[in-house]
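What's in protein31.pdb: PDB, C-alpha atoms, pLDDT in the B column
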```
MODEL        1
ATOM      1  CA  MET A  25     -22.455 -18.735   0.399  1.00 88.00           C
ATOM      2  CA  PHE A  26     -22.832 -14.993   0.802  1.00 95.00           C
ATOM      3  CA  ASP A  27     -25.746 -13.412  -1.041  1.00 96.00           C
ATOM      4  CA  PRO A  28     -25.899  -9.602  -1.132  1.00 96.00           C
ATOM      5  CA  ASP A  29     -29.636  -9.800  -1.764  1.00 96.00           C
ATOM      6  CA  VAL A  30     -30.175 -11.408   1.620  1.00 96.00           C
ATOM      7  CA  ARG A  31     -30.505  -9.550   4.890  1.00 97.00           C
ATOM      8  CA  TYR A  32     -27.589 -10.143   7.213  1.00 98.00           C
ATOM      9  CA  ARG A  33     -26.708  -9.192  10.777  1.00 97.00           C
ATOM     10  CA  LEU A  34     -23.793  -9.215  13.125  1.00 97.00           C
ATOM     11  CA  SER A  35     -23.724 -12.642  14.718  1.00 97.00           C
ATOM     12  CA  PRO A  36     -24.850 -12.618  18.370  1.00 96.00           C
ATOM     13  CA  ARG A  37     -21.992 -15.020  19.007  1.00 96.00           C
ATOM     14  CA  VAL A  38     -19.461 -12.388  18.011  1.00 97.00           C
ATOM     15  CA  GLY A  39     -18.025  -9.649  20.177  1.00 96.00           C
ATOM     16  CA  LEU A  40     -17.060  -6.530  18.285  1.00 96.00           C
ATOM     17  CA  ARG A  41     -14.525  -4.238  19.891  1.00 96.00           C
ATOM     18  CA  PRO A  42     -13.976  -0.870  18.238  1.00 96.00           C
ATOM     19  CA  GLU A  43     -10.371   0.052  17.585  1.00 96.00           C
ATOM     20  CA  PRO A  44      -8.745   3.093  15.974  1.00 96.00           C
ATOM     21  CA  PHE A  45      -8.129   1.110  12.802  1.00 94.00           C
ATOM     22  CA  GLY A  46     -11.630  -0.353  12.722  1.00 96.00           C
ATOM     23  CA  ALA A  47     -12.550  -3.187  15.061  1.00 97.00           C
ATOM     24  CA  LEU A  48     -11.666  -6.592  16.404  1.00 96.00           C
ATOM     25  CA  ALA A  49     -14.282  -9.300  16.033  1.00 96.00           C
ATOM     26  CA  TYR A  50     -14.073 -12.383  18.220  1.00 94.00           C
ATOM     27  CA  HIS A  51     -16.314 -15.390  17.673  1.00 93.00           C
ATOM     28  CA  PHE A  52     -17.009 -17.032  21.024  1.00 94.00           C
ATOM     29  CA  ASP A  53     -17.782 -20.425  19.537  1.00 93.00           C
ATOM     30  CA  THR A  54     -15.081 -20.805  16.906  1.00 89.00           C
ATOM     31  CA  ARG A  55     -12.570 -18.586  18.731  1.00 87.00           C
ATOM     32  CA  ARG A  56     -11.790 -16.913  15.468  1.00 89.00           C
ATOM     33  CA  LEU A  57     -10.320 -13.455  15.683  1.00 93.00           C
ATOM     34  CA  VAL A  58     -10.957 -11.168  12.749  1.00 96.00           C
ATOM     35  CA  PHE A  59      -9.575  -7.732  12.123  1.00 95.00           C
ATOM     36  CA  LEU A  60     -11.890  -5.275  10.460  1.00 96.00           C
ATOM     37  CA  LYS A  61      -9.427  -2.795   9.057  1.00 95.00           C
ATOM     38  CA  SER A  62     -11.852  -0.105   8.078  1.00 94.00           C
ATOM     39  CA  THR A  63     -14.133   2.039  10.182  1.00 96.00           C
ATOM     40  CA  ASP A  64     -16.491   2.158   7.213  1.00 96.00           C
ATOM     41  CA  LEU A  65     -16.676  -1.621   7.262  1.00 97.00           C
ATOM     42  CA  VAL A  66     -17.403  -1.565  10.975  1.00 97.00           C
ATOM     43  CA  GLY A  67     -20.221   0.895  10.464  1.00 97.00           C
ATOM     44  CA  LEU A  68     -21.558  -1.271   7.678  1.00 97.00           C
ATOM     45  CA  VAL A  69     -21.483  -4.419   9.809  1.00 97.00           C
ATOM     46  CA  ASN A  70     -23.308  -2.651  12.622  1.00 97.00           C
ATOM     47  CA  ALA A  71     -25.968  -1.403  10.219  1.00 97.00           C
ATOM     48  CA  LEU A  72     -26.510  -4.675   8.353  1.00 97.00           C
ATOM     49  CA  GLY A  73     -29.562  -5.681  10.336  1.00 96.00           C
ATOM     50  CA  ASP A  74     -31.284  -2.379   9.662  1.00 96.00           C
ATOM     51  CA  HIS A  75     -31.551  -2.927   5.930  1.00 97.00           C
ATOM     52  CA  ALA A  76     -33.493  -5.316   3.770  1.00 96.00           C
ATOM     53  CA  SER A  77     -30.351  -6.791   2.272  1.00 97.00           C
ATOM     54  CA  ALA A  78     -26.601  -6.592   2.541  1.00 97.00           C
ATOM     55  CA  GLY A  79     -26.466  -4.817  -0.790  1.00 97.00           C
ATOM     56  CA  ALA A  80     -28.965  -2.238   0.380  1.00 97.00           C
ATOM     57  CA  ALA A  81     -26.912  -1.714   3.535  1.00 98.00           C
ATOM     58  CA  ILE A  82     -23.786  -1.127   1.485  1.00 97.00           C
ATOM     59  CA  ASP A  83     -25.539   1.378  -0.736  1.00 97.00           C
ATOM     60  CA  ALA A  84     -27.156   3.203   2.162  1.00 97.00           C
ATOM     61  CA  VAL A  85     -24.159   3.328   4.478  1.00 97.00           C
ATOM     62  CA  LEU A  86     -21.329   3.835   2.005  1.00 96.00           C
ATOM     63  CA  ALA A  87     -22.885   5.191  -1.207  1.00 95.00           C
ATOM     64  CA  PRO A  88     -20.009   3.450  -2.967  1.00 94.00           C
ATOM     65  CA  THR A  89     -18.641   3.515  -6.470  1.00 95.00           C
ATOM     66  CA  PRO A  90     -19.146   0.219  -8.355  1.00 95.00           C
ATOM     67  CA  ALA A  91     -15.590  -0.874  -7.655  1.00 93.00           C
ATOM     68  CA  ARG A  92     -15.828   0.053  -4.003  1.00 94.00           C
ATOM     69  CA  ARG A  93     -19.164  -1.769  -3.759  1.00 95.00           C
ATOM     70  CA  ARG A  94     -17.604  -4.944  -5.082  1.00 94.00           C
ATOM     71  CA  THR A  95     -14.857  -4.632  -2.520  1.00 94.00           C
ATOM     72  CA  TYR A  96     -17.272  -4.348   0.363  1.00 96.00           C
ATOM     73  CA  VAL A  97     -19.397  -7.201  -0.956  1.00 96.00           C
ATOM     74  CA  ALA A  98     -16.253  -9.318  -0.959  1.00 95.00           C
ATOM     75  CA  ALA A  99     -15.373  -8.132   2.543  1.00 96.00           C
ATOM     76  CA  LEU A 100     -18.828  -9.094   3.810  1.00 97.00           C
ATOM     77  CA  ALA A 101     -18.463 -12.454   2.110  1.00 96.00           C
ATOM     78  CA  SER A 102     -15.243 -12.994   4.053  1.00 95.00           C
ATOM     79  CA  LEU A 103     -16.956 -12.000   7.278  1.00 96.00           C
ATOM     80  CA  CYS A 104     -19.804 -14.378   6.496  1.00 96.00           C
ATOM     81  CA  GLU A 105     -17.355 -17.187   5.938  1.00 95.00           C
ATOM     82  CA  SER A 106     -15.730 -16.371   9.261  1.00 94.00           C
ATOM     83  CA  GLY A 107     -19.094 -16.353  10.994  1.00 95.00           C
ATOM     84  CA  VAL A 108     -18.882 -12.699  11.979  1.00 97.00           C
ATOM     85  CA  VAL A 109     -22.057 -11.934  10.059  1.00 97.00           C
ATOM     86  CA  GLU A 110     -24.902 -14.311   9.383  1.00 97.00           C
ATOM     87  CA  PRO A 111     -28.218 -14.259   7.530  1.00 96.00           C
ATOM     88  CA  ALA A 112     -30.818 -12.488   9.601  1.00 94.00           C
ATOM     89  CA  LEU A 113     -33.685 -14.839  10.287  1.00 79.00           C
ATOM     90  CA  GLU A 114     -37.066 -13.429   9.576  1.00 68.00           C
ATOM     91  CA  SER A 115     -39.024 -13.007  12.787  1.00 59.00           C
ATOM     92  CA  THR A 116     -42.310 -14.768  12.785  1.00 53.00           C
ATOM     93  CA  THR A 117     -45.267 -13.026  14.361  1.00 49.00           C
TER      94      THR A 117
ATOM     95  CA  MET B  20      46.311  18.448 -14.849  1.00 60.00           C
ATOM     96  CA  THR B  21      43.212  20.538 -14.467  1.00 61.00           C
ATOM     97  CA  LEU B  22      39.846  19.081 -13.724  1.00 61.00           C
ATOM     98  CA  THR B  23      36.846  20.594 -15.348  1.00 59.00           C
ATOM     99  CA  GLU B  24      33.460  20.410 -13.838  1.00 58.00           C
ATOM    100  CA  PRO B  25      30.952  18.514 -15.924  1.00 58.00           C
ATOM    101  CA  THR B  26      28.548  20.697 -17.737  1.00 59.00           C
ATOM    102  CA  HIS B  27      24.896  20.210 -17.081  1.00 56.00           C
ATOM    103  CA  ASP B  28      22.471  20.620 -19.868  1.00 55.00           C
ATOM    104  CA  HIS B  29      20.019  23.269 -18.909  1.00 55.00           C
ATOM    105  CA  VAL B  30      16.579  22.419 -20.079  1.00 56.00           C
ATOM    106  CA  ASP B  31      14.078  25.139 -20.378  1.00 53.00           C
ATOM    107  CA  LEU B  32      10.457  24.182 -20.354  1.00 54.00           C
ATOM    108  CA  ALA B  33       8.443  26.075 -22.826  1.00 53.00           C
ATOM    109  CA  GLU B  34       5.877  28.268 -21.225  1.00 51.00           C
ATOM    110  CA  ASP B  35       3.178  26.885 -23.450  1.00 50.00           C
ATOM    111  CA  GLN B  36       3.824  23.327 -22.334  1.00 52.00           C
ATOM    112  CA  ALA B  37       0.779  22.352 -20.320  1.00 53.00           C
ATOM    113  CA  VAL B  38       1.336  20.391 -17.174  1.00 55.00           C
ATOM    114  CA  ALA B  39      -1.120  17.547 -16.819  1.00 52.00           C
ATOM    115  CA  PRO B  40      -3.310  18.109 -13.793  1.00 53.00           C
ATOM    116  CA  VAL B  41      -2.600  15.711 -10.998  1.00 55.00           C
ATOM    117  CA  ALA B  42      -5.559  13.649  -9.949  1.00 52.00           C
ATOM    118  CA  ASN B  43      -6.729  14.202  -6.439  1.00 51.00           C
ATOM    119  CA  PRO B  44      -4.286  11.997  -4.527  1.00 47.00           C
ATOM    120  CA  ALA B  45      -6.763  11.469  -1.716  1.00 46.00           C
ATOM    121  CA  VAL B  46      -9.351  10.005  -4.075  1.00 46.00           C
ATOM    122  CA  VAL B  47      -6.842   7.863  -5.927  1.00 44.00           C
ATOM    123  CA  ALA B  48      -5.246   6.623  -2.723  1.00 43.00           C
ATOM    124  CA  ASP B  49      -8.620   5.781  -1.242  1.00 45.00           C
ATOM    125  CA  ALA B  50      -9.568   3.818  -4.344  1.00 47.00           C
ATOM    126  CA  ASP B  51      -6.282   1.959  -4.282  1.00 46.00           C
ATOM    127  CA  LEU B  52      -6.580   1.169  -0.618  1.00 48.00           C
ATOM    128  CA  VAL B  53     -10.055  -0.259  -0.886  1.00 50.00           C
ATOM    129  CA  ASP B  54      -9.102  -3.868  -1.228  1.00 52.00           C
ATOM    130  CA  ASP B  55     -10.689  -6.916   0.261  1.00 47.00           C
ATOM    131  CA  GLU B  56      -7.388  -8.125   1.564  1.00 54.00           C
ATOM    132  CA  LEU B  57      -6.892  -4.922   3.446  1.00 73.00           C
ATOM    133  CA  LEU B  58     -10.356  -4.735   4.951  1.00 93.00           C
ATOM    134  CA  VAL B  59     -10.591  -8.134   6.600  1.00 94.00           C
ATOM    135  CA  GLU B  60      -7.876 -10.210   8.159  1.00 92.00           C
ATOM    136  CA  GLU B  61      -8.446 -13.332  10.174  1.00 90.00           C
ATOM    137  CA  ILE B  62      -5.893 -14.693  12.585  1.00 85.00           C
ATOM    138  CA  SER B  63      -5.885 -17.826  14.647  1.00 73.00           C
ATOM    139  CA  ILE B  64      -5.177 -17.671  18.347  1.00 68.00           C
ATOM    140  CA  ASP B  65      -5.521 -21.401  18.964  1.00 66.00           C
ATOM    141  CA  GLY B  66      -2.632 -22.663  20.962  1.00 60.00           C
ATOM    142  CA  MET B  67      -1.535 -19.181  21.918  1.00 59.00           C
ATOM    143  CA  CYS B  68      -2.156 -19.719  25.624  1.00 60.00           C
ATOM    144  CA  GLY B  69       1.090 -19.476  27.526  1.00 56.00           C
ATOM    145  CA  VAL B  70       2.977 -18.024  24.600  1.00 54.00           C
ATOM    146  CA  TYR B  71       5.024 -15.057  25.719  1.00 54.00           C
TER     147      TYR B  71
ENDMDL
END
```
Could you rewrite the structure in this file as structure tokens?
Amino acid sequence: MFDPDVRYRLSPRVGLRPEPFGALAYHFDTRRLVFLKSTDLVGLVNALGDHASAGAAIDAVLAPTPARRRTYVAALASLCESGVVEPALESTT
Amino acid sequence: MTLTEPTHDHVDLAEDQAVAPVANPAVVADADLVDDELLVEEISIDGMCGVY
């Protein structure tokens, strides 16, 4: 279940290939192929790990309107379900 | 028998009729295009080996 208040990252088991329309994401374990049809979404996915939460990443990268924010939250939820993004585990020191 | 061309009603717009400003099409189009279904699409390639 995707939670925008949780920090996420691009899964290390996913290869992301930039394309003119956005990017292709291939999961090496599940062999799922996912089209990211927006360059903004690709930039967001790449920046997920740099922010404290997915919601913060959306706000920082896209500065979206409320409607647009909901759309990208839903898009990230789809990517989470596909395994393209996953919760970033806190590193223990 | 003579054929007469149909008459077209000529409509004059009053000069004081204000034309509603058109919203910025780029902004409207961008808002319409931002849709979850358009942003992410998953396809399955299982069983595609050997398919020409």
>> Evaluate the PyMOL selection byres ((chain A and resi 44-52) around 8) against this structure - the residues, as JSON, numbers by chain, please.
In response: {"A": [37, 38, 39, 40, 41, 42, 43, 53, 54, 55, 56, 57, 58, 59, 60, 61, 62, 63, 64, 65, 66, 107, 108]}
Could you write those residues out with C-alpha atoms, as a short mmCIF file (atom, residue, chain, number, x, y, z; two decimals), keeping the file's coordinate frame?
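Once written, result29.cif looks like this:
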```
data_model
loop_
_atom_site.label_atom_id
_atom_site.label_comp_id
_atom_site.auth_asym_id
_atom_site.auth_seq_id
_atom_site.Cartn_x
_atom_site.Cartn_y
_atom_site.Cartn_z
CA ARG A 37 -21.99 -15.02 19.01
CA VAL A 38 -19.46 -12.39 18.01
CA GLY A 39 -18.02 -9.65 20.18
CA LEU A 40 -17.06 -6.53 18.28
CA ARG A 41 -14.52 -4.24 19.89
CA PRO A 42 -13.98 -0.87 18.24
CA GLU A 43 -10.37 0.05 17.58
CA ASP A 53 -17.78 -20.42 19.54
CA THR A 54 -15.08 -20.80 16.91
CA ARG A 55 -12.57 -18.59 18.73
CA ARG A 56 -11.79 -16.91 15.47
CA LEU A 57 -10.32 -13.46 15.68
CA VAL A 58 -10.96 -11.17 12.75
CA PHE A 59 -9.57 -7.73 12.12
CA LEU A 60 -11.89 -5.28 10.46
CA LYS A 61 -9.43 -2.80 9.06
CA SER A 62 -11.85 -0.10 8.08
CA THR A 63 -14.13 2.04 10.18
CA ASP A 64 -16.49 2.16 7.21
CA LEU A 65 -16.68 -1.62 7.26
CA VAL A 66 -17.40 -1.56 10.98
CA GLY A 107 -19.09 -16.35 10.99
CA VAL A 108 -18.88 -12.70 11.98
#
```
May I have the centre and edge lengths, in Å to one decimal, of an axis-aligned box around the listed atoms of stretch 47-59 of chain A with 5 Å added to every side, as JSON?
```
{"center_x": -13.7, "center_y": -12.0, "center_z": 16.6, "size_x": 18.2, "size_y": 27.6, "size_z": 18.9}
```
> So how many Å separate atom CA of A:Asp29 and atom CA of B:Val59, to one decimal?
Replying inline: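 That distance, rounded to one decimal, is 20.9 Å.
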>> Evaluated on this file, the PyMOL selection byres ((chain A and resi 72-78) around 8) picks out some residues - which ones are they, written as a PyMOL selection string?
In response: chain A and resi 27-34+68-71+79-82+112
Write a file of the just-selected residues containing C-alpha atoms, as a short mmCIF file (atom, residue, chain, number, x, y, z; two decimals), keeping the file's coordinate frame.
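The file below, again17.cif, is the result:
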```
data_model
loop_
_atom_site.label_atom_id
_atom_site.label_comp_id
_atom_site.auth_asym_id
_atom_site.auth_seq_id
_atom_site.Cartn_x
_atom_site.Cartn_y
_atom_site.Cartn_z
CA ASP A 27 -25.75 -13.41 -1.04
CA PRO A 28 -25.90 -9.60 -1.13
CA ASP A 29 -29.64 -9.80 -1.76
CA VAL A 30 -30.18 -11.41 1.62
CA ARG A 31 -30.50 -9.55 4.89
CA TYR A 32 -27.59 -10.14 7.21
CA ARG A 33 -26.71 -9.19 10.78
CA LEU A 34 -23.79 -9.22 13.12
CA LEU A 68 -21.56 -1.27 7.68
CA VAL A 69 -21.48 -4.42 9.81
CA ASN A 70 -23.31 -2.65 12.62
CA ALA A 71 -25.97 -1.40 10.22
CA GLY A 79 -26.47 -4.82 -0.79
CA ALA A 80 -28.96 -2.24 0.38
CA ALA A 81 -26.91 -1.71 3.54
CA ILE A 82 -23.79 -1.13 1.48
CA ALA A 112 -30.82 -12.49 9.60
#
```
>> Quick check, in Å to one decimal: how far apart do atom CA of A:Arg93 and atom CA of B:Glu61 lie?
In response: 21.0 Å
